[in-house]
file final.cif (mmCIF, C-alpha atoms)
data_data
#
loop_
_atom_site.label_atom_id
_atom_site.label_comp_id
_atom_site.auth_asym_id
_atom_site.auth_seq_id
_atom_site.Cartn_x
_atom_site.Cartn_y
_atom_site.Cartn_z
CA MET A 1 -72.86 -45.30 100.33
CA LEU A 2 -69.79 -47.50 100.52
CA PRO A 3 -69.69 -50.27 103.11
CA THR A 4 -67.81 -49.30 106.24
CA ALA A 5 -64.97 -51.76 105.64
CA LEU A 6 -64.46 -50.53 102.08
CA THR A 7 -64.58 -46.91 103.20
CA ASN A 8 -61.88 -47.53 105.81
CA LEU A 9 -59.73 -49.28 103.20
CA VAL A 10 -60.02 -46.32 100.79
CA LEU A 11 -59.13 -43.82 103.53
CA THR A 12 -56.12 -45.92 104.54
CA LEU A 13 -54.84 -46.02 100.95
CA LEU A 14 -55.30 -42.26 100.58
CA ASN A 15 -53.30 -41.63 103.74
CA VAL A 16 -50.51 -43.85 102.47
CA LEU A 17 -50.38 -42.42 98.95
CA THR A 18 -50.82 -38.75 99.85
CA PRO A 19 -47.61 -37.16 101.18
CA SER A 20 -48.16 -35.37 104.43
CA PRO A 21 -47.29 -31.66 104.46
CA PRO A 22 -43.95 -30.70 105.96
CA THR A 23 -44.18 -30.14 109.66
CA SER A 24 -42.13 -28.31 112.21
CA SER A 25 -39.34 -30.45 113.60
CA GLN A 26 -38.28 -30.62 117.23
CA GLN A 27 -34.68 -30.73 116.04
CA SER A 28 -32.59 -27.59 116.40
CA LEU A 29 -29.27 -26.98 114.72
CA ARG A 30 -26.17 -25.28 116.09
CA PHE A 31 -23.94 -23.43 113.64
CA GLU A 32 -20.38 -22.12 113.54
CA LEU A 33 -18.72 -19.68 111.18
CA ARG A 34 -16.28 -21.74 109.12
CA HIS A 35 -15.25 -19.83 105.99
CA LEU A 36 -15.35 -16.57 104.12
CA HIS A 37 -15.95 -16.97 100.40
CA ALA A 38 -15.15 -14.67 97.50
CA VAL A 39 -14.35 -14.49 93.82
CA SER A 40 -10.88 -13.63 92.54
CA PRO A 41 -10.31 -11.14 89.68
CA SER A 42 -10.08 -14.16 87.37
CA SER A 43 -13.62 -15.23 88.45
CA ARG A 44 -12.28 -18.17 90.47
CA VAL A 45 -14.15 -19.05 93.65
CA VAL A 46 -11.81 -18.93 96.64
CA PHE A 47 -12.28 -19.74 100.32
CA SER A 48 -10.51 -18.73 103.49
CA ASP A 49 -10.83 -20.71 106.71
CA TYR A 50 -11.71 -18.75 109.79
CA LYS A 51 -10.74 -19.93 113.26
CA PRO A 52 -13.33 -18.70 115.77
CA ARG A 53 -12.01 -16.83 118.74
CA LEU A 54 -13.61 -16.78 122.17
CA ASN A 55 -15.65 -13.63 121.59
CA HIS A 56 -16.88 -14.91 118.24
CA SER A 57 -17.73 -18.44 119.23
CA ARG A 58 -19.63 -17.70 122.46
CA THR A 59 -22.02 -14.96 123.52
CA LEU A 60 -21.82 -13.26 126.91
CA VAL A 61 -25.24 -13.46 128.57
CA GLY A 62 -24.44 -11.79 131.89
CA ASP A 63 -22.44 -12.14 135.13
CA GLY A 64 -19.53 -13.74 133.34
CA GLU A 65 -21.67 -16.54 131.88
CA TYR A 66 -21.37 -17.48 128.24
CA GLU A 67 -24.06 -19.05 126.11
CA THR A 68 -22.42 -22.14 124.66
CA ALA A 69 -24.96 -22.85 121.93
CA TYR A 70 -27.26 -20.99 119.58
CA SER A 71 -30.17 -23.06 118.28
CA VAL A 72 -32.04 -22.73 115.00
CA ALA A 73 -35.36 -24.55 114.81
CA THR A 74 -35.92 -26.66 111.71
CA ARG A 75 -38.79 -28.25 109.81
CA ARG A 76 -39.13 -30.87 107.11
CA ILE A 77 -39.78 -29.32 103.69
CA TYR A 78 -40.20 -30.66 100.17
CA ALA A 79 -37.74 -29.59 97.49
CA HIS A 80 -37.41 -30.58 93.84
CA ARG A 81 -33.92 -31.26 92.58
CA PRO A 82 -32.81 -31.87 88.97
CA PRO A 83 -31.33 -35.32 88.29
CA SER A 84 -27.94 -33.61 87.85
CA PHE A 85 -26.48 -30.17 87.26
CA ASN A 86 -25.49 -31.26 83.74
CA ALA A 87 -29.08 -32.26 82.95
CA PHE A 88 -30.28 -28.90 84.26
CA SER A 89 -27.70 -27.04 82.15
CA ASP A 90 -28.57 -29.03 79.01
CA ALA A 91 -32.27 -28.25 79.40
CA ARG A 92 -31.45 -24.59 79.93
CA LEU A 93 -29.24 -24.43 76.80
CA ARG A 94 -31.91 -26.15 74.71
CA SER A 95 -34.44 -23.55 75.79
CA LEU A 96 -32.01 -20.72 75.14
CA ARG A 97 -30.80 -21.83 71.70
CA PHE A 98 -33.90 -23.41 70.22
CA GLY A 99 -36.76 -22.04 72.29
CA GLN A 100 -37.73 -25.58 73.21
CA SER A 101 -38.46 -26.73 76.72
CA GLU A 102 -37.09 -30.08 77.84
CA SER A 103 -38.81 -32.12 80.49
CA LEU A 104 -36.61 -32.86 83.49
CA ASN A 105 -37.16 -35.77 85.83
CA TRP A 106 -37.27 -33.63 88.94
CA GLU A 107 -36.62 -35.59 92.11
CA GLU A 108 -38.83 -34.67 95.05
CA ASP A 109 -36.89 -34.82 98.28
CA GLU A 110 -37.89 -34.15 101.87
CA VAL A 111 -35.07 -32.23 103.53
CA LEU A 112 -34.41 -30.46 106.79
CA GLY A 113 -34.86 -26.72 106.31
CA PRO A 114 -35.16 -23.65 108.53
CA ASP A 115 -38.49 -23.23 110.30
CA VAL A 116 -39.51 -19.98 108.60
CA GLU A 117 -42.63 -19.73 110.78
CA ASN A 118 -40.33 -19.13 113.76
CA ARG A 119 -39.38 -15.47 114.32
CA GLU A 120 -36.11 -16.29 116.10
CA VAL A 121 -35.03 -18.40 113.12
CA LEU A 122 -35.67 -15.52 110.70
CA LEU A 123 -33.80 -13.17 113.05
CA THR A 124 -30.76 -15.47 113.17
CA LEU A 125 -30.68 -15.94 109.39
CA ALA A 126 -31.02 -12.18 108.91
CA LYS A 127 -27.97 -11.64 111.13
CA MET A 128 -26.05 -14.19 109.08
CA SER A 129 -27.08 -12.33 105.92
CA ASN A 130 -25.83 -9.09 107.44
CA ASN A 131 -22.50 -10.71 108.27
CA ALA A 132 -21.96 -11.49 104.58
CA TYR A 133 -21.18 -7.79 104.15
CA LEU A 134 -18.51 -7.81 106.86
CA GLU A 135 -15.40 -9.49 108.10
CA PRO A 136 -15.65 -11.07 111.56
CA ASP A 137 -13.61 -8.31 113.22
CA GLU A 138 -15.47 -5.50 111.49
CA ASN A 139 -17.83 -3.12 113.29
CA GLY A 140 -21.44 -4.20 112.79
CA TRP A 141 -20.77 -7.96 112.91
CA TYR A 142 -23.55 -9.85 114.73
CA ASP A 143 -22.30 -12.56 117.07
CA LEU A 144 -24.28 -15.73 116.39
CA GLY A 145 -23.15 -17.79 119.34
CA GLY A 146 -21.23 -21.02 119.59
CA ASN A 147 -23.46 -22.96 117.21
CA TRP A 148 -22.14 -21.29 114.08
CA SER A 149 -18.60 -21.29 112.80
CA SER A 150 -17.04 -19.30 110.00
CA THR A 151 -15.30 -21.45 107.46
CA TYR A 152 -14.32 -19.61 104.31
CA PRO A 153 -14.20 -16.02 103.18
CA PHE A 154 -14.50 -15.11 99.52
CA GLY A 155 -14.15 -11.78 97.73
CA TRP A 156 -12.52 -9.94 100.61
CA GLU A 157 -9.37 -8.66 98.96
CA PRO A 158 -9.28 -4.83 98.81
CA ASP A 159 -9.65 -4.72 95.03
CA ASP A 160 -12.41 -7.34 94.77
CA ASP A 161 -15.56 -5.86 93.28
CA GLY A 162 -18.29 -8.46 93.34
CA PHE A 163 -19.54 -11.76 94.74
CA ARG A 164 -18.61 -12.53 98.33
CA GLY A 165 -19.97 -13.72 101.68
CA GLN A 166 -19.69 -16.29 104.45
CA VAL A 167 -20.13 -20.04 104.95
CA PHE A 168 -21.53 -21.39 108.22
CA ALA A 169 -21.81 -25.01 109.32
CA THR A 170 -23.05 -27.11 112.19
CA PRO A 171 -20.32 -28.76 114.30
CA ASP A 172 -21.02 -32.13 112.65
CA ASN A 173 -21.05 -30.54 109.14
CA LYS A 174 -24.45 -32.06 108.38
CA THR A 175 -25.95 -28.67 107.53
CA VAL A 176 -24.10 -25.84 105.77
CA VAL A 177 -25.42 -22.32 105.23
CA LEU A 178 -24.12 -20.23 102.33
CA SER A 179 -24.66 -16.50 102.96
CA ILE A 180 -24.33 -14.22 99.91
CA LYS A 181 -23.64 -10.50 100.13
CA GLY A 182 -26.15 -8.06 98.68
CA THR A 183 -25.71 -4.70 96.99
CA SER A 184 -23.09 -2.30 98.35
CA ALA A 185 -23.98 1.21 97.26
CA GLY A 186 -24.20 4.65 98.79
CA VAL A 187 -27.85 5.00 97.83
CA PHE A 188 -28.65 1.87 99.90
CA GLY A 189 -26.94 3.13 103.01
CA GLY A 190 -23.37 1.95 102.50
CA GLY A 191 -20.51 1.81 100.07
CA GLY A 192 -17.55 -0.36 99.42
CA PRO A 193 -15.38 -1.86 96.71
CA THR A 194 -18.16 -3.94 95.14
CA VAL A 195 -20.36 -1.01 94.05
CA LYS A 196 -19.48 -1.06 90.34
CA LYS A 197 -20.10 -4.79 89.81
CA ASP A 198 -23.21 -4.68 91.99
CA LYS A 199 -24.74 -1.90 89.91
CA LEU A 200 -24.13 -3.75 86.64
CA ASN A 201 -25.76 -6.92 87.95
CA ASP A 202 -28.68 -5.07 89.56
CA ASN A 203 -29.45 -3.20 86.36
CA LEU A 204 -29.16 -6.31 84.19
CA LEU A 205 -31.18 -8.58 86.47
CA PHE A 206 -33.90 -6.28 87.76
CA SER A 207 -34.66 -3.68 85.08
CA CYS A 208 -37.26 -4.15 82.36
CA CYS A 209 -34.93 -3.31 79.47
CA CYS A 210 -31.22 -2.63 80.03
CA ALA A 211 -31.89 0.02 82.69
CA ARG A 212 -33.58 2.29 80.18
CA VAL A 213 -35.31 4.83 82.44
CA ASP A 214 -35.38 7.83 80.08
CA TRP A 215 -33.34 9.37 77.28
CA THR A 216 -30.69 10.70 79.68
CA TRP A 217 -29.64 7.20 80.80
CA THR A 218 -26.80 5.15 79.38
CA THR A 219 -28.17 1.61 79.11
CA VAL A 220 -26.22 -1.42 80.30
CA CYS A 221 -27.00 -3.38 77.12
CA GLY A 222 -27.97 -2.49 73.56
CA CYS A 223 -31.45 -4.02 73.36
CA TYR A 224 -33.67 -0.94 73.59
CA ARG A 225 -35.48 -0.33 70.27
CA GLY A 226 -37.30 2.93 70.87
CA GLY A 227 -40.60 3.72 72.52
CA TRP A 228 -41.50 0.84 74.81
CA LYS A 229 -39.95 -1.89 72.68
CA CYS A 230 -37.15 -4.21 73.75
CA ASP A 231 -35.54 -7.06 71.80
CA ARG A 232 -36.06 -10.23 73.82
CA ASP A 233 -33.23 -12.33 72.35
CA CYS A 234 -30.76 -9.49 72.75
CA LEU A 235 -31.84 -8.97 76.35
CA GLU A 236 -31.50 -12.63 77.29
CA THR A 237 -28.10 -12.88 75.61
CA ALA A 238 -26.86 -9.78 77.43
CA LEU A 239 -28.08 -11.09 80.77
CA ILE A 240 -26.36 -14.43 80.27
CA GLU A 241 -23.10 -13.07 78.87
CA ASP A 242 -22.60 -9.94 80.96
CA SER A 243 -23.99 -10.88 84.36
CA LEU A 244 -21.37 -13.07 86.01
CA PHE A 245 -23.11 -13.56 89.33
CA TYR A 246 -25.41 -16.47 88.44
CA PRO A 247 -22.67 -18.76 87.03
CA ILE A 248 -20.40 -17.77 89.90
CA GLY A 249 -23.19 -18.69 92.31
CA THR A 250 -23.63 -22.14 90.76
CA ASN A 251 -19.87 -22.63 90.76
CA LEU A 252 -19.73 -21.71 94.44
CA TYR A 253 -22.52 -24.15 95.27
CA ASN A 254 -20.76 -26.93 93.35
CA ASN A 255 -17.56 -26.18 95.28
CA LEU A 256 -19.44 -26.47 98.56
CA THR A 257 -20.95 -29.82 97.57
CA TYR A 258 -17.43 -31.04 96.81
CA MET A 259 -16.20 -29.88 100.23
CA TYR A 260 -19.32 -31.12 102.04
CA PRO A 261 -20.60 -34.02 99.92
CA GLU A 262 -22.95 -35.37 102.59
CA SER A 263 -24.25 -32.03 103.85
CA ASN A 264 -27.63 -30.39 103.48
CA ILE A 265 -26.98 -26.86 102.12
CA TRP A 266 -29.16 -23.81 102.75
CA VAL A 267 -28.66 -20.53 100.84
CA ILE A 268 -29.49 -17.11 102.30
CA GLY A 269 -28.85 -13.48 101.42
CA HIS A 270 -30.06 -9.90 101.48
CA SER A 271 -31.04 -7.68 98.53
CA LEU A 272 -29.06 -8.76 95.44
CA GLY A 273 -27.63 -11.58 97.55
CA GLY A 274 -31.14 -12.79 98.34
CA ALA A 275 -32.16 -12.79 94.69
CA LEU A 276 -29.03 -14.73 93.75
CA ALA A 277 -29.68 -17.16 96.62
CA SER A 278 -33.11 -17.82 95.16
CA LEU A 279 -31.73 -18.46 91.65
CA VAL A 280 -29.21 -20.92 93.11
CA GLY A 281 -32.00 -22.52 95.13
CA VAL A 282 -34.12 -23.02 92.00
CA THR A 283 -31.16 -24.63 90.26
CA PHE A 284 -30.23 -27.10 92.99
CA GLY A 285 -33.39 -27.49 95.06
CA ALA A 286 -31.69 -26.01 98.13
CA PRO A 287 -33.75 -24.37 100.91
CA VAL A 288 -33.54 -20.58 100.57
CA VAL A 289 -34.39 -17.61 102.78
CA ALA A 290 -33.97 -14.18 101.12
CA PHE A 291 -34.38 -10.81 102.83
CA GLU A 292 -35.57 -7.62 101.10
CA ALA A 293 -34.68 -9.04 97.68
CA PRO A 294 -35.88 -7.48 94.44
CA GLY A 295 -38.15 -9.71 92.36
CA GLU A 296 -36.09 -12.41 90.62
CA ARG A 297 -38.85 -14.30 88.76
CA MET A 298 -38.28 -12.26 85.58
CA ALA A 299 -34.51 -12.86 85.74
CA SER A 300 -35.02 -16.62 86.15
CA ARG A 301 -37.10 -16.69 82.97
CA ARG A 302 -34.61 -14.60 81.01
CA LEU A 303 -31.84 -16.89 82.18
CA HIS A 304 -33.95 -19.82 80.90
CA LEU A 305 -33.76 -21.66 84.20
CA PRO A 306 -35.92 -24.80 84.04
CA SER A 307 -38.81 -24.41 86.44
CA PRO A 308 -39.30 -27.14 89.08
CA PRO A 309 -42.82 -28.39 89.87
CA SER A 310 -42.81 -26.31 93.05
CA THR A 311 -40.68 -23.54 94.56
CA GLN A 312 -42.05 -23.83 98.10
CA HIS A 313 -38.51 -24.36 99.39
CA ILE A 314 -37.79 -20.68 98.62
CA THR A 315 -38.94 -18.08 101.15
CA HIS A 316 -38.74 -14.31 100.75
CA VAL A 317 -38.99 -12.01 103.77
CA TYR A 318 -39.59 -8.30 103.23
CA HIS A 319 -41.64 -5.33 104.43
CA THR A 320 -43.93 -2.97 102.56
CA ALA A 321 -41.90 0.20 103.20
CA ASP A 322 -38.97 -1.13 101.15
CA PRO A 323 -39.41 0.15 97.57
CA ILE A 324 -36.83 -2.31 96.22
CA ALA A 325 -38.51 -5.47 97.45
CA MET A 326 -41.92 -4.03 96.55
CA GLY A 327 -40.82 -3.14 93.00
CA ALA A 328 -41.67 0.51 93.61
CA CYS A 329 -38.18 2.01 93.32
CA ASN A 330 -38.51 3.13 89.70
CA GLY A 331 -39.18 6.24 87.69
CA VAL A 332 -36.91 9.14 86.79
CA LEU A 333 -37.15 10.84 90.19
CA SER A 334 -36.99 7.74 92.38
CA SER A 335 -34.17 7.35 94.88
CA CYS A 336 -32.96 4.28 92.95
CA ALA A 337 -32.80 6.21 89.68
CA LEU A 338 -30.96 9.06 91.36
CA GLY A 339 -28.35 6.52 92.44
CA GLY A 340 -28.09 5.04 88.93
CA TYR A 341 -30.22 1.94 89.57
CA ALA A 342 -33.29 0.77 87.64
CA MET A 343 -35.00 -1.57 90.11
CA GLU A 344 -38.22 -2.38 88.25
CA ALA A 345 -38.73 -6.10 89.02
CA ARG A 346 -41.31 -6.94 91.68
CA CYS A 347 -42.36 -10.61 91.33
CA HIS A 348 -40.67 -13.20 93.55
CA LEU A 349 -40.23 -16.95 93.25
CA GLY A 350 -41.43 -19.21 96.03
CA LYS A 351 -43.43 -17.93 98.98
CA SER A 352 -43.22 -14.49 100.56
CA ILE A 353 -43.54 -13.45 104.21
CA VAL A 354 -44.55 -9.78 103.99
CA TYR A 355 -44.51 -7.46 107.00
CA ASP A 356 -46.93 -4.59 106.40
CA THR A 357 -44.91 -1.89 108.11
CA VAL A 358 -46.73 0.85 106.20
CA SER A 359 -50.15 0.00 107.65
CA ASN A 360 -49.11 -1.39 111.04
CA LEU A 361 -46.13 0.83 111.93
CA SER A 362 -47.04 3.89 109.84
CA TRP A 363 -43.70 3.75 108.00
CA SER A 364 -43.28 5.75 104.82
CA VAL A 365 -42.00 4.00 101.70
CA ASP A 366 -38.33 4.93 101.83
CA ILE A 367 -35.19 3.34 100.43
CA ARG A 368 -33.49 3.97 103.77
CA THR A 369 -35.56 1.10 105.21
CA HIS A 370 -33.92 -1.37 102.79
CA PRO A 371 -30.72 -2.23 104.74
CA ILE A 372 -30.71 -5.56 106.54
CA VAL A 373 -29.95 -3.88 109.88
CA THR A 374 -33.38 -2.20 109.70
CA VAL A 375 -35.01 -5.60 109.27
CA ILE A 376 -33.04 -7.06 112.17
CA GLU A 377 -33.52 -4.29 114.69
CA LYS A 378 -36.94 -2.88 113.78
CA VAL A 379 -38.91 -5.72 112.18
CA LEU A 380 -37.69 -9.08 113.50
CA SER A 381 -36.29 -8.16 116.91
CA ASP A 382 -39.71 -8.03 118.61
CA PRO A 383 -42.89 -10.12 118.20
CA TRP A 384 -45.15 -8.94 115.35
CA PRO A 385 -48.55 -7.99 116.89
CA PRO A 386 -50.75 -8.68 113.82
CA SER A 387 -49.33 -12.21 113.60
CA LEU A 388 -49.71 -12.82 117.34
CA GLU A 389 -53.40 -11.99 117.01
CA GLU A 390 -53.65 -14.85 114.50
CA GLY A 391 -51.76 -17.26 116.73
CA ARG A 392 -48.62 -17.04 114.60
CA GLU A 393 -45.10 -15.70 115.11
CA VAL A 394 -44.65 -14.24 111.61
CA PRO A 395 -46.97 -13.29 108.72
CA LYS A 396 -48.23 -16.23 106.69
CA ALA A 397 -46.07 -17.15 103.70
CA ALA A 398 -47.89 -17.04 100.36
CA PHE A 399 -47.13 -17.39 96.66
CA GLU A 400 -47.28 -14.19 94.58
CA ASP A 401 -49.66 -15.68 92.00
CA ASP A 402 -51.15 -12.46 90.60
CA CYS A 403 -47.94 -10.46 90.31
CA VAL A 404 -47.38 -8.49 87.07
CA GLU A 405 -44.32 -6.44 86.10
CA CYS A 406 -43.03 -4.42 83.13
CA TYR A 407 -46.57 -4.29 81.72
CA SER A 408 -45.82 -1.14 79.66
CA TRP A 409 -43.05 -2.84 77.68
CA GLU A 410 -43.34 -4.88 74.51
CA PHE A 411 -40.77 -7.67 74.26
CA GLY A 412 -40.23 -9.44 70.94
CA ASP A 413 -38.08 -9.76 67.83
CA PHE A 414 -37.00 -6.19 67.11
CA PRO A 415 -33.70 -6.29 65.20
CA LYS A 416 -31.69 -3.12 64.83
#
call {"tool": "encode", "arguments": {"input": "final.cif", "output": "structure tokens"}}
result
Amino acid sequence: MLPTALTNLVLTLLNVLTPSPPTSSQQSLRFELRHLHAVSPSSRVVFSDYKPRLNHSRTLVGDGEYETAYSVATRRIYAHRPPSFNAFSDARLRSLRFGQSESLNWEEDEVLGPDVENREVLLTLAKMSNNAYLEPDENGWYDLGGNWSSTYPFGWEPDDDGFRGQVFATPDNKTVVLSIKGTSAGVFGGGGPTVKKDKLNDNLLFSCCCARVDWTWTTVCGCYRGGWKCDRDCLETALIEDSLFYPIGTNLYNNLTYMYPESNIWVIGHSLGGALASLVGVTFGAPVVAFEAPGERMASRRLHLPSPPSTQHITHVYHTADPIAMGACNGVLSSCALGGYAMEARCHLGKSIVYDTVSNLSWSVDIRTHPIVTVIEKVLSDPWPPSLEEGREVPKAAFEDDCVECYSWEFGDFPK
């Protein structure tokens, strides 16, 4: 056995050299809606300032009293950032063109992120994700209280058909939250002007091979080679060239860092917006919370995004009755297929907080449970009994280590 003095010295060194795990912070943040953000027909990111009015900046709590602040609990988390966006892009292009991976000097950083173990925090972020679908005066808008301000709108012109959402910030601008809109489609419980572009991106990002479901389908790219074969190079090229949302997302993030150079930026979203938030979070090391998002791990590989040492700064929140988040909305007769969507991806980056609504609430797997309003009003609005029994507020977040998808397909070099 080691002498006591030597043992104490070794333990002291280990405590100094071993980083302590992120812990919940006593600090709470107050946010305001500052902007709406969107993309013009020429693919230019545009912002519109929003001046909060009384009923949007404060919440009536009874007897004429207004709540003057809305707090979001935070915690310290570790994130890995590339040395620069140019270095990240160069490594990605090298992988794409030559099939060679390039080592990046990822920088580990401890940042202030949302406390995802706090139910009220998830509820607030879910409401912000919902608001990305709406304008502040529109029916269905959730008031977030005087701590959030709307800064810019993007993509809100009547003929816009794609990427849009909201930007929130704390009064001191130290923390900014980018909320990205998800899929707008009748089959998901809504419609709107963005349906066409949403469907293209969904089918490119989340199908196994160009949205090839059966012989009756018109594929969104020409990479299917018969049977269960798909040309990998063709598929990756199509995803990079035809799906505009990822480069628009990185452009939007870069614009925000120019506007808020000293700010800590979080990215959130629902459905397609959540998946895109995660891809942006992988690129820049930004804290991410995504709700009911389809699996984006396959898309990140096809986009040749360099993988950081850890993706623990990305958190997915979804329930087991949602066939899109669970990767179960596929097959010729599925509700997704009937709506023209091939949602076959199921593996997520980062950690996932999964609410088992099938076992605990006896819900049936149904695409009508996918909308963010269902999550807000039926999942997050009340304490979750199974978690309370474990002394927690929400289910434990875990990596999806054993996830497999598109196992029937063969991907390789299959020229026409």
call {"tool": "residues_near_point", "arguments": {"input": "final.cif", "point": "(-31.2, -1.6, 89.7)", "cutoff": "7 Å", "atoms": "all atoms listed in the file", "output": "PDB file with C-alpha atoms, in the frame of the given file"}}
result
ATOM      1  CA  LYS A 199     -24.740  -1.900  89.910  1.00  0.00           C
ATOM      2  CA  ASP A 202     -28.680  -5.070  89.560  1.00  0.00           C
ATOM      3  CA  ASN A 203     -29.450  -3.200  86.360  1.00  0.00           C
ATOM      4  CA  PHE A 206     -33.900  -6.280  87.760  1.00  0.00           C
ATOM      5  CA  SER A 207     -34.660  -3.680  85.080  1.00  0.00           C
ATOM      6  CA  CYS A 336     -32.960   4.280  92.950  1.00  0.00           C
ATOM      7  CA  TYR A 341     -30.220   1.940  89.570  1.00  0.00           C
ATOM      8  CA  ALA A 342     -33.290   0.770  87.640  1.00  0.00           C
ATOM      9  CA  MET A 343     -35.000  -1.570  90.110  1.00  0.00           C
TER      10      MET A 343
END
call {"tool": "resolve_selection", "arguments": {"input": "final.cif", "expression": "the PyMOL selection byres ((chain A and resi 322) around 10)", "output": "PDB file with C-alpha atoms, keeping the file's coordinate frame"}}
result
ATOM      1  CA  GLU A 292     -35.570  -7.620 101.100  1.00  0.00           C
ATOM      2  CA  ALA A 293     -34.680  -9.040  97.680  1.00  0.00           C
ATOM      3  CA  PRO A 294     -35.880  -7.480  94.440  1.00  0.00           C
ATOM      4  CA  TYR A 318     -39.590  -8.300 103.230  1.00  0.00           C
ATOM      5  CA  HIS A 319     -41.640  -5.330 104.430  1.00  0.00           C
ATOM      6  CA  THR A 320     -43.930  -2.970 102.560  1.00  0.00           C
ATOM      7  CA  ALA A 321     -41.900   0.200 103.200  1.00  0.00           C
ATOM      8  CA  PRO A 323     -39.410   0.150  97.570  1.00  0.00           C
ATOM      9  CA  ILE A 324     -36.830  -2.310  96.220  1.00  0.00           C
ATOM     10  CA  ALA A 325     -38.510  -5.470  97.450  1.00  0.00           C
ATOM     11  CA  MET A 326     -41.920  -4.030  96.550  1.00  0.00           C
ATOM     12  CA  GLY A 327     -40.820  -3.140  93.000  1.00  0.00           C
ATOM     13  CA  ALA A 328     -41.670   0.510  93.610  1.00  0.00           C
ATOM     14  CA  CYS A 329     -38.180   2.010  93.320  1.00  0.00           C
ATOM     15  CA  THR A 357     -44.910  -1.890 108.110  1.00  0.00           C
ATOM     16  CA  VAL A 358     -46.730   0.850 106.200  1.00  0.00           C
ATOM     17  CA  TRP A 363     -43.700   3.750 108.000  1.00  0.00           C
ATOM     18  CA  SER A 364     -43.280   5.750 104.820  1.00  0.00           C
ATOM     19  CA  VAL A 365     -42.000   4.000 101.700  1.00  0.00           C
ATOM     20  CA  ASP A 366     -38.330   4.930 101.830  1.00  0.00           C
ATOM     21  CA  ILE A 367     -35.190   3.340 100.430  1.00  0.00           C
ATOM     22  CA  ARG A 368     -33.490   3.970 103.770  1.00  0.00           C
ATOM     23  CA  THR A 369     -35.560   1.100 105.210  1.00  0.00           C
ATOM     24  CA  HIS A 370     -33.920  -1.370 102.790  1.00  0.00           C
ATOM     25  CA  PRO A 371     -30.720  -2.230 104.740  1.00  0.00           C
TER      26      PRO A 371
END
call {"tool": "residues_around", "arguments": {"input": "final.cif", "residues": "Ala299 (chain A)", "least_positions_apart": "3", "cutoff": "9 Å", "atoms": "all atoms listed in the file", "output": "JSON, numbers by chain"}}
result
{"A": [204, 205, 206, 236, 239, 279, 295, 296, 302, 303, 304, 305, 345]}
call {"tool": "write_last_selection", "arguments": {"input": "final.cif", "atoms": "C-alpha atoms", "output": "JSON list (two decimals), in the coordinates of the input"}}
result
[["chain", "number", "residue", "atom", "x", "y", "z"],
["A", 204, "LEU", "CA", -29.16, -6.31, 84.19],
["A", 205, "LEU", "CA", -31.18, -8.58, 86.47],
["A", 206, "PHE", "CA", -33.90, -6.28, 87.76],
["A", 236, "GLU", "CA", -31.50, -12.63, 77.29],
["A", 239, "LEU", "CA", -28.08, -11.09, 80.77],
["A", 279, "LEU", "CA", -31.73, -18.46, 91.65],
["A", 295, "GLY", "CA", -38.15, -9.71, 92.36],
["A", 296, "GLU", "CA", -36.09, -12.41, 90.62],
["A", 302, "ARG", "CA", -34.61, -14.60, 81.01],
["A", 303, "LEU", "CA", -31.84, -16.89, 82.18],
["A", 304, "HIS", "CA", -33.95, -19.82, 80.90],
["A", 305, "LEU", "CA", -33.76, -21.66, 84.20],
["A", 345, "ALA", "CA", -38.73, -6.10, 89.02]]
call {"tool": "atom_distance", "arguments": {"input": "final.cif", "atom1": "CA of Asp401 (chain A)", "atom2": "CA of Leu333 (chain A)"}}
result
29.4 Å
call {"tool": "resolve_selection", "arguments": {"input": "final.cif", "expression": "the PyMOL selection byres ((chain A and resi 378-388) around 8)", "output": "list in words"}}
result
Arg119, Glu120, Leu122, Leu123, Tyr355, Asn360, Thr374, Val375, Ile376, Glu377, Glu389, Glu390, Gly391, Arg392, Glu393, Val394 and Pro395 of chain A
call {"tool": "resolve_selection", "arguments": {"input": "final.cif", "expression": "the PyMOL selection byres ((chain A and resi 231) around 7)", "output": "PDB file with C-alpha atoms, keeping the file's coordinate frame"}}
result
ATOM      1  CA  CYS A 223     -31.450  -4.020  73.360  1.00  0.00           C
ATOM      2  CA  TYR A 224     -33.670  -0.940  73.590  1.00  0.00           C
ATOM      3  CA  ARG A 225     -35.480  -0.330  70.270  1.00  0.00           C
ATOM      4  CA  LYS A 229     -39.950  -1.890  72.680  1.00  0.00           C
ATOM      5  CA  CYS A 230     -37.150  -4.210  73.750  1.00  0.00           C
ATOM      6  CA  ARG A 232     -36.060 -10.230  73.820  1.00  0.00           C
ATOM      7  CA  ASP A 233     -33.230 -12.330  72.350  1.00  0.00           C
ATOM      8  CA  CYS A 234     -30.760  -9.490  72.750  1.00  0.00           C
ATOM      9  CA  LEU A 235     -31.840  -8.970  76.350  1.00  0.00           C
ATOM     10  CA  PHE A 411     -40.770  -7.670  74.260  1.00  0.00           C
ATOM     11  CA  GLY A 412     -40.230  -9.440  70.940  1.00  0.00           C
ATOM     12  CA  ASP A 413     -38.080  -9.760  67.830  1.00  0.00           C
ATOM     13  CA  PHE A 414     -37.000  -6.190  67.110  1.00  0.00           C
ATOM     14  CA  PRO A 415     -33.700  -6.290  65.200  1.00  0.00           C
TER      15      PRO A 415
END
call {"tool": "closest_residue", "arguments": {"input": "final.cif", "among": "A:Pro306, A:Pro247, A:Gly226, A:Pro114", "to": "Arg92 (chain A)", "atoms": "all atoms listed in the file"}}
result
A:Pro306
call {"tool": "closest_residue", "arguments": {"input": "final.cif", "among": "A:Ala91, A:Val167, A:Leu96, A:Leu104", "to": "Ser48 (chain A)", "atoms": "all atoms listed in the file"}}
result
A:Val167
